[in-house]
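Shown below: data12.txt, with compact mmCIF, C-alpha atoms.
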```txt
# COMPACT_ATOMS: atom_id res chain seq x y z
CA MET A 246 18.57 -16.88 5.22
CA VAL A 247 15.58 -14.55 5.51
CA ILE A 248 13.27 -12.79 3.08
CA ARG A 249 13.71 -9.07 3.66
CA ILE A 250 10.77 -6.77 2.84
CA GLY A 251 11.27 -2.99 2.84
CA THR A 252 8.33 -0.87 4.01
CA ASN A 253 8.22 2.68 5.43
CA GLU A 254 8.25 4.36 8.83
CA GLY A 255 6.80 2.38 11.73
CA GLY A 256 3.00 2.60 11.78
CA GLY A 257 2.85 3.82 8.17
CA THR A 258 0.77 2.26 5.41
CA PHE A 259 3.57 0.12 3.96
CA HIS A 260 4.81 -0.96 7.37
CA THR A 261 1.45 -2.18 8.64
CA GLN A 262 0.80 -3.98 5.35
CA GLY A 263 4.25 -5.55 5.54
CA LEU A 264 3.49 -6.91 9.00
CA ALA A 265 0.21 -8.41 7.76
CA LEU A 266 2.02 -9.96 4.81
CA LYS A 267 4.62 -11.44 7.16
CA THR A 268 1.83 -13.14 9.12
CA VAL A 269 0.66 -14.94 5.98
CA LEU A 270 4.11 -15.74 4.58
CA ASP A 271 5.53 -17.07 7.84
CA ARG A 272 3.07 -19.98 7.63
CA ILE A 273 4.70 -21.32 4.44
CA ASP A 274 7.04 -24.09 5.58
CA THR A 275 9.10 -24.02 2.40
CA LEU A 276 9.72 -20.26 2.60
CA ALA A 277 12.49 -18.61 4.59
CA PRO A 278 11.44 -16.47 7.59
CA VAL A 279 10.31 -12.95 6.71
CA GLU A 280 11.89 -9.80 8.11
CA VAL A 281 9.98 -6.52 7.78
CA LEU A 282 12.34 -3.54 7.59
CA GLU A 283 11.47 0.11 8.09
CA SER A 284 12.57 2.75 5.61
CA VAL A 285 12.61 6.54 5.97
CA GLN A 286 12.13 7.44 2.32
CA ALA A 287 9.87 4.47 1.61
CA SER A 288 9.62 3.90 -2.16
CA ILE A 289 12.96 5.56 -2.95
CA ASP A 290 14.91 3.76 -0.23
CA ASN A 291 13.28 0.44 -1.08
CA ALA A 292 14.23 0.67 -4.76
CA ASN A 293 17.81 1.61 -3.90
CA ARG A 294 18.07 -1.18 -1.33
CA LEU A 295 16.73 -3.69 -3.85
CA HIS A 296 19.49 -2.56 -6.21
CA SER A 297 22.18 -2.96 -3.54
CA GLY A 298 20.91 -6.39 -2.49
CA GLU A 299 19.81 -5.31 0.99
CA LEU A 300 16.19 -6.27 0.25
CA ASP A 301 14.40 -9.08 -1.56
CA PHE A 302 11.04 -7.28 -1.87
CA GLY A 303 9.96 -3.70 -1.30
CA PHE A 304 6.78 -1.68 -1.12
CA MET A 305 6.62 1.19 -3.60
CA ALA A 306 4.08 3.68 -4.85
CA SER A 307 3.60 2.99 -8.56
CA ASN A 308 4.49 6.56 -9.55
CA TRP A 309 8.16 5.88 -8.69
CA LEU A 310 8.55 2.69 -10.74
CA GLY A 311 9.26 4.28 -14.11
CA ARG A 312 11.84 6.65 -12.66
CA ALA A 313 13.61 3.84 -10.83
CA ARG A 314 13.64 1.65 -13.96
CA LEU A 315 15.18 4.44 -16.05
CA GLY A 316 17.51 5.80 -13.37
CA GLU A 317 15.86 9.22 -13.39
CA ALA A 318 16.15 11.58 -10.40
CA PRO A 319 16.10 10.98 -7.52
CA PHE A 320 17.60 7.63 -8.56
CA ALA A 321 21.32 7.70 -9.38
CA ARG A 322 21.18 4.62 -11.64
CA PRO A 323 18.63 2.32 -13.27
CA VAL A 324 17.18 -0.30 -10.93
CA ASP A 325 16.29 -3.66 -12.50
CA LEU A 326 12.94 -3.92 -10.77
CA ARG A 327 10.28 -6.56 -11.37
CA MET A 328 6.63 -6.38 -10.35
CA ALA A 329 5.39 -8.90 -7.81
CA ALA A 330 1.87 -7.85 -6.78
CA PRO A 331 -0.42 -4.88 -6.19
CA MET A 332 -1.02 -4.04 -2.55
CA ASN A 333 -3.67 -1.34 -2.35
CA ALA A 334 -5.09 1.77 -4.03
CA GLY A 335 -6.07 4.03 -1.17
CA PRO A 336 -6.83 7.74 -1.23
CA LEU A 337 -4.26 10.48 -0.69
CA PHE A 338 -5.96 13.37 1.07
CA PHE A 339 -5.46 16.63 2.93
CA ILE A 340 -6.83 17.23 6.40
CA ALA A 341 -7.32 20.34 8.51
CA ARG A 342 -8.75 20.99 11.94
CA ALA A 343 -12.53 21.00 11.87
CA ASP A 344 -12.54 24.34 13.71
CA SER A 345 -10.48 26.05 10.99
CA PRO A 346 -11.91 28.00 8.03
CA ILE A 347 -10.06 25.69 5.60
CA ARG A 348 -12.53 23.55 3.66
CA ALA A 349 -10.99 22.93 0.24
CA LEU A 350 -7.58 22.65 -1.41
CA ALA A 351 -7.98 26.17 -2.78
CA ASP A 352 -7.98 27.44 0.82
CA LEU A 353 -4.40 26.23 1.36
CA ARG A 354 -2.85 29.23 -0.40
CA GLY A 355 -0.78 31.10 2.18
CA ARG A 356 -1.18 28.34 4.79
CA ARG A 357 1.28 26.05 6.58
CA VAL A 358 0.96 22.57 5.05
CA VAL A 359 2.70 19.38 6.23
CA VAL A 360 3.81 17.63 3.04
CA GLY A 361 6.06 14.84 4.39
CA PRO A 362 9.78 14.36 5.07
CA ARG A 363 12.25 15.83 2.57
CA GLY A 364 12.95 13.36 -0.23
CA SER A 365 9.88 11.27 0.51
CA GLY A 366 7.27 10.09 -1.96
CA MET A 367 4.68 12.28 -0.26
CA ILE A 368 6.63 15.35 -1.40
CA GLN A 369 6.31 14.22 -5.01
CA HIS A 370 2.58 13.67 -4.56
CA ALA A 371 2.22 17.18 -3.14
CA HIS A 372 4.10 18.64 -6.11
CA CYS A 373 1.95 16.66 -8.56
CA ILE A 374 -1.36 17.59 -6.97
CA PHE A 375 -0.61 21.27 -6.47
CA GLY A 376 1.15 21.53 -9.83
CA ALA A 377 -1.90 20.15 -11.66
CA LEU A 378 -3.97 22.84 -9.94
CA GLY A 379 -1.56 25.64 -10.85
CA LEU A 380 -0.08 26.03 -7.38
CA GLY A 381 3.58 25.85 -6.40
CA PHE A 382 5.27 25.37 -3.05
CA SER A 383 5.86 29.13 -3.02
CA ASP A 384 2.08 29.63 -2.72
CA PHE A 385 2.07 28.17 0.81
CA THR A 386 4.55 27.26 3.54
CA PRO A 387 5.59 23.59 3.20
CA LEU A 388 6.47 21.81 6.44
CA TYR A 389 8.76 18.82 5.87
CA LEU A 390 7.68 16.50 8.67
CA ASP A 391 6.85 12.82 8.96
CA PHE A 392 3.26 11.72 9.60
CA ALA A 393 3.50 11.51 13.39
CA THR A 394 5.41 14.76 13.88
CA GLY A 395 3.18 16.52 11.39
CA SER A 396 0.09 15.36 13.25
CA ASP A 397 1.50 16.71 16.53
CA THR A 398 2.15 20.01 14.78
CA LEU A 399 -1.45 20.15 13.55
CA VAL A 400 -2.75 19.46 17.06
CA ALA A 401 -0.52 22.21 18.48
CA GLY A 402 -1.84 24.73 15.95
CA GLU A 403 1.60 25.09 14.34
CA ALA A 404 0.35 23.70 11.00
CA ASP A 405 -2.88 24.40 9.15
CA ALA A 406 -3.18 21.22 7.09
CA GLN A 407 -1.47 17.89 6.41
CA LEU A 408 -1.19 15.55 3.42
CA GLN A 409 -2.10 12.08 4.63
CA CYS A 410 -1.68 8.55 3.24
CA PRO A 411 -4.41 5.91 2.86
CA VAL A 412 -6.42 4.95 5.91
CA PRO A 413 -6.59 3.10 8.13
CA ASN A 414 -3.18 3.99 9.50
CA LYS A 415 -2.29 4.29 13.17
CA VAL A 416 -1.14 7.91 13.03
CA MET A 417 -4.36 9.03 11.35
CA THR A 418 -6.56 7.01 13.71
CA ASP A 419 -4.81 8.45 16.76
CA LEU A 420 -4.97 11.98 15.37
CA ALA A 421 -8.71 11.74 14.70
CA GLU A 422 -9.23 10.75 18.33
CA ARG A 423 -7.22 13.72 19.59
CA ILE A 424 -8.90 16.51 17.60
CA ALA A 425 -11.87 16.97 15.28
CA LEU A 426 -10.74 16.92 11.65
CA ARG A 427 -12.02 17.88 8.23
CA VAL A 428 -11.07 16.12 4.97
CA LEU A 429 -10.51 18.82 2.35
CA ALA A 430 -12.53 18.66 -0.85
CA TYR A 431 -11.55 19.46 -4.42
CA GLY A 432 -13.29 22.40 -6.09
CA PRO A 433 -15.46 22.00 -9.22
CA GLY A 434 -13.45 20.32 -11.97
CA GLN A 435 -10.25 20.17 -9.92
CA LEU A 436 -10.29 16.43 -9.29
CA ASP A 437 -10.76 15.72 -13.01
CA THR A 438 -7.90 18.09 -13.78
CA VAL A 439 -5.53 16.22 -11.46
CA LEU A 440 -6.62 12.83 -12.83
CA LYS A 441 -6.09 13.95 -16.43
CA THR A 442 -2.72 15.56 -15.66
CA VAL A 443 -1.18 12.75 -13.61
CA PRO A 444 -1.55 9.35 -15.35
CA TYR A 445 -0.78 7.16 -12.32
CA TYR A 446 -3.61 8.58 -10.20
CA ARG A 447 -7.10 7.15 -10.20
CA HIS A 448 -10.42 8.20 -8.71
CA SER A 449 -11.15 7.05 -5.18
CA VAL A 450 -13.75 7.78 -2.53
CA MET A 451 -13.21 8.22 1.17
CA LYS A 452 -16.27 6.58 2.62
CA THR A 453 -18.37 8.00 5.43
CA GLY A 454 -16.84 6.96 8.74
CA ALA A 455 -13.39 6.22 7.27
CA ILE A 456 -12.07 8.48 10.02
CA ARG A 457 -13.85 9.86 13.05
CA GLY A 458 -15.94 12.87 12.04
CA LEU A 459 -16.17 12.08 8.32
CA ASN A 460 -19.93 12.32 7.83
CA ALA A 461 -20.15 12.11 4.03
CA ASP A 462 -18.32 10.42 1.16
CA VAL A 463 -15.54 12.58 -0.29
CA SER A 464 -13.99 12.04 -3.75
CA GLN A 465 -10.20 11.93 -3.71
CA ILE A 466 -7.27 10.67 -5.78
CA ALA A 467 -5.50 7.37 -5.19
CA VAL A 468 -2.21 5.86 -6.28
CA VAL A 469 -1.67 2.11 -6.59
CA ASN A 470 0.92 0.84 -4.12
CA VAL A 471 2.76 -2.32 -5.10
CA LEU A 472 5.18 -4.98 -3.93
CA VAL A 473 8.24 -5.15 -6.17
CA THR A 474 11.31 -7.32 -6.30
CA HIS A 475 14.55 -7.42 -8.28
CA ALA A 476 15.32 -9.36 -11.45
CA ARG A 477 17.98 -11.33 -9.55
CA ILE A 478 15.53 -12.81 -7.01
CA ALA A 479 14.89 -16.51 -7.62
CA GLY A 480 11.72 -17.39 -9.47
CA ALA A 481 10.77 -19.99 -6.86
CA THR A 482 10.86 -17.37 -4.09
CA VAL A 483 8.77 -14.85 -6.00
CA HIS A 484 6.33 -17.57 -7.07
CA ALA A 485 5.80 -18.68 -3.46
CA VAL A 486 5.28 -15.12 -2.20
CA VAL A 487 2.86 -14.14 -4.98
CA ARG A 488 0.93 -17.42 -4.70
CA ALA A 489 0.48 -16.74 -0.97
CA ILE A 490 -0.73 -13.19 -1.69
CA VAL A 491 -3.29 -14.41 -4.22
CA SER A 492 -4.61 -17.26 -2.08
CA GLY A 493 -4.48 -15.17 1.10
CA ALA A 494 -6.05 -11.96 -0.26
CA GLY A 495 -9.16 -12.41 1.88
CA GLU A 496 -7.18 -13.08 5.03
CA LEU A 497 -4.88 -10.14 4.37
CA GLY A 498 -7.97 -7.92 4.16
CA ARG A 499 -9.18 -9.20 7.52
CA ILE A 500 -5.80 -8.63 9.16
CA ASN A 501 -5.36 -5.14 7.66
CA PRO A 502 -8.26 -3.31 5.93
CA LEU A 503 -5.76 -1.62 3.60
CA PHE A 504 -5.79 -4.92 1.69
CA ALA A 505 -9.59 -4.85 1.32
CA GLY A 506 -9.48 -4.05 -2.41
CA LEU A 507 -6.69 -6.49 -3.25
CA ASP A 508 -8.96 -8.94 -5.08
CA ASP A 509 -10.19 -6.13 -7.34
CA LEU A 510 -6.63 -5.12 -8.21
CA LEU A 511 -5.66 -8.71 -8.98
CA ARG A 512 -8.69 -9.13 -11.24
CA LEU A 513 -7.27 -6.39 -13.48
CA LEU A 514 -5.03 -9.13 -14.88
CA ARG A 515 -8.06 -10.94 -16.34
CA SER A 516 -9.14 -7.94 -18.39
CA GLY A 517 -5.83 -6.23 -19.08
CA GLY A 518 -3.27 -9.03 -19.08
CA PRO A 519 0.21 -8.54 -17.55
CA ALA A 520 0.28 -4.90 -18.69
CA ALA A 521 -2.48 -4.12 -16.17
CA LEU A 522 0.08 -4.39 -13.38
CA GLU A 523 3.26 -3.36 -15.19
CA PHE A 524 3.30 0.23 -13.93
CA GLY A 525 6.05 2.45 -15.28
CA GLY A 526 7.07 -0.25 -17.74
CA VAL A 527 8.30 -2.56 -14.96
CA ALA A 528 7.63 -6.13 -16.09
CA LEU A 529 6.13 -8.83 -13.92
CA HIS A 530 8.73 -11.21 -12.52
CA ALA A 531 8.66 -14.65 -14.16
CA GLY A 532 7.82 -16.19 -10.78
CA ALA A 533 4.85 -13.85 -10.42
CA LEU A 534 3.63 -14.66 -13.94
CA ARG A 535 3.70 -18.35 -13.07
CA ALA A 536 1.68 -17.78 -9.88
CA TYR A 537 -0.94 -15.69 -11.67
CA ARG A 538 -1.33 -18.29 -14.44
CA GLU A 539 -1.77 -21.06 -11.90
CA ALA A 540 -4.44 -19.00 -10.14
CA GLY A 541 -6.33 -18.52 -13.42
CA LEU A 542 -5.77 -14.77 -13.47
CA LEU A 543 -3.70 -14.96 -16.66
CA ALA A 544 -4.02 -17.21 -19.68
```
Using structure tokens, write down the structure from this file.
Amino acid sequence: MVIRIGTNEGGGTFHTQGLALKTVLDRIDTLAPVEVLESVQASIDNANRLHSGELDFGFMASNWLGRARLGEAPFARPVDLRMAAPMNAGPLFFIARADSPIRALADLRGRRVVVGPRGSGMIQHAHCIFGALGLGFSDFTPLYLDFATGSDTLVAGEADAQLQCPVPNKVMTDLAERIALRVLAYGPGQLDTVLKTVPYYRHSVMKTGAIRGLNADVSQIAVVNVLVTHARIAGATVHAVVRAIVSGAGELGRINPLFAGLDDLLRLLRSGGPAALEFGGVALHAGALRAYREAGLLA
């Protein structure tokens, strides 16, 4: 028996976090070995594979949880998900070549923009962001490419901009070493508009030096990424995994900086109770509740 964790494409945010999590979980003698599995459509595939029993845990962006729970498109049926733990809340951002005239999101009208593979969560994010700003995919040319292929296209001058996931990630780090990049800014009032329109986004800041060439802090949006499981998964298994995440939050942050804000996300339980992490109406698994109570994060 193994514990199967669904992530995303190799080198992506979920995948690198999954590998870090495996490092911590594999030290627990009473826990089955952990297998980290890649997934093309990330959140969507992971929810569907949890439903079919192919996974025990899966990484998802919190914006998909409500749809999966209710069986709304692109999900063909309700998925009986349960929350395990938050993973990170990193910025989603657009980049362009530093030698281009593109400086802000408003400059993307009429341009070629890499928005992610068809059916991926990044496509939904692109629709949400542009839609909140009154732009549709007909206002630019969407390029449906994965992170690595999209980056190659940007380097070759065959794309003008790309929607990227939280850093650090290997594709973004490699890209920033290959060419000089610019992180696109929101115009006056635009960031507030997106945050008010899309309830699962929150304010984030890309710090100076987050990627090579970023010489000033830039305000962006972020979505909370989470580790979910299925209602059928044994309470003892979920308890052991969540207990290891809570006790190993510091180590996880040292292994992978994407986990750096994990303690802050976990502390939301102290002020907001279980509802603070029950995104999209997906309840915390009973095993997770037990682990959080034992850690003093819940009464």
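Minimum atom-to-atom distances from A:Gly402, A:Ala489, A:Ile250, A:Leu350 to Gly379 of chain A were compared using all atoms listed in the file, and the lowest value belongs to A:Leu350.
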* To do: Compile the contact shell of Gln286 of chain A as a ChimeraX atom specification: residues with an atom at most 9 Å away, counting all atoms listed in the file, same-chain residues fewer than 6 positions apart removed.
  => /A:253-254,362-366
*Would you work out the distance separating atom CA of Asp384 of chain A from atom CA of Arg447 of chain A, expressed in Å to one decimal?*
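Atom CA of Arg447 of chain A lies at a distance of 25.4 Å from atom CA of Asp384 of chain A.
In this comparison, which uses all atoms listed in the file, the residue of A:Gly376, A:Pro336, A:Gly311, A:Pro323 approaching Ser297 of chain A most closely is A:Pro323.
Relative to atom CA of Phe302 of chain A, atom CA of Val527 of chain A is found at 14.2 Å.
Proximity ranking of A:Val359, A:Ala520, A:Leu511, A:Leu426 relative to Gly495 of chain A places A:Leu511 first, based on only C-alpha atoms.
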message = Can you measure atom CA of Arg357 of chain A to atom CA of Asp405 of chain A for me? One decimal in Å is fine.
response =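 We find that atom CA of Arg357 of chain A and atom CA of Asp405 of chain A lie 5.2 Å from each other.
For the choices A:Val358, A:Val486, A:Leu497, A:Ala393, the atom-to-atom distance to Pro278 of chain A is smallest for A:Val486 when using only C-alpha atoms.
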For His484 of chain A, find every residue with an atom within 7 Å (counting all atoms listed in the file), except residues of its own chain fewer than 3 positions away, and show them as a list in words.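 The contact residues come out as Gly480, Ala481, Val487, Arg488, Gly532, Ala533, Arg535 and Ala536 of chain A.
In terms of minimum interatomic distance to Asn293 of chain A, A:Ala321 ranks closest within A:Leu315, A:Val491, A:Ala321, A:Cys373, counting only C-alpha atoms.
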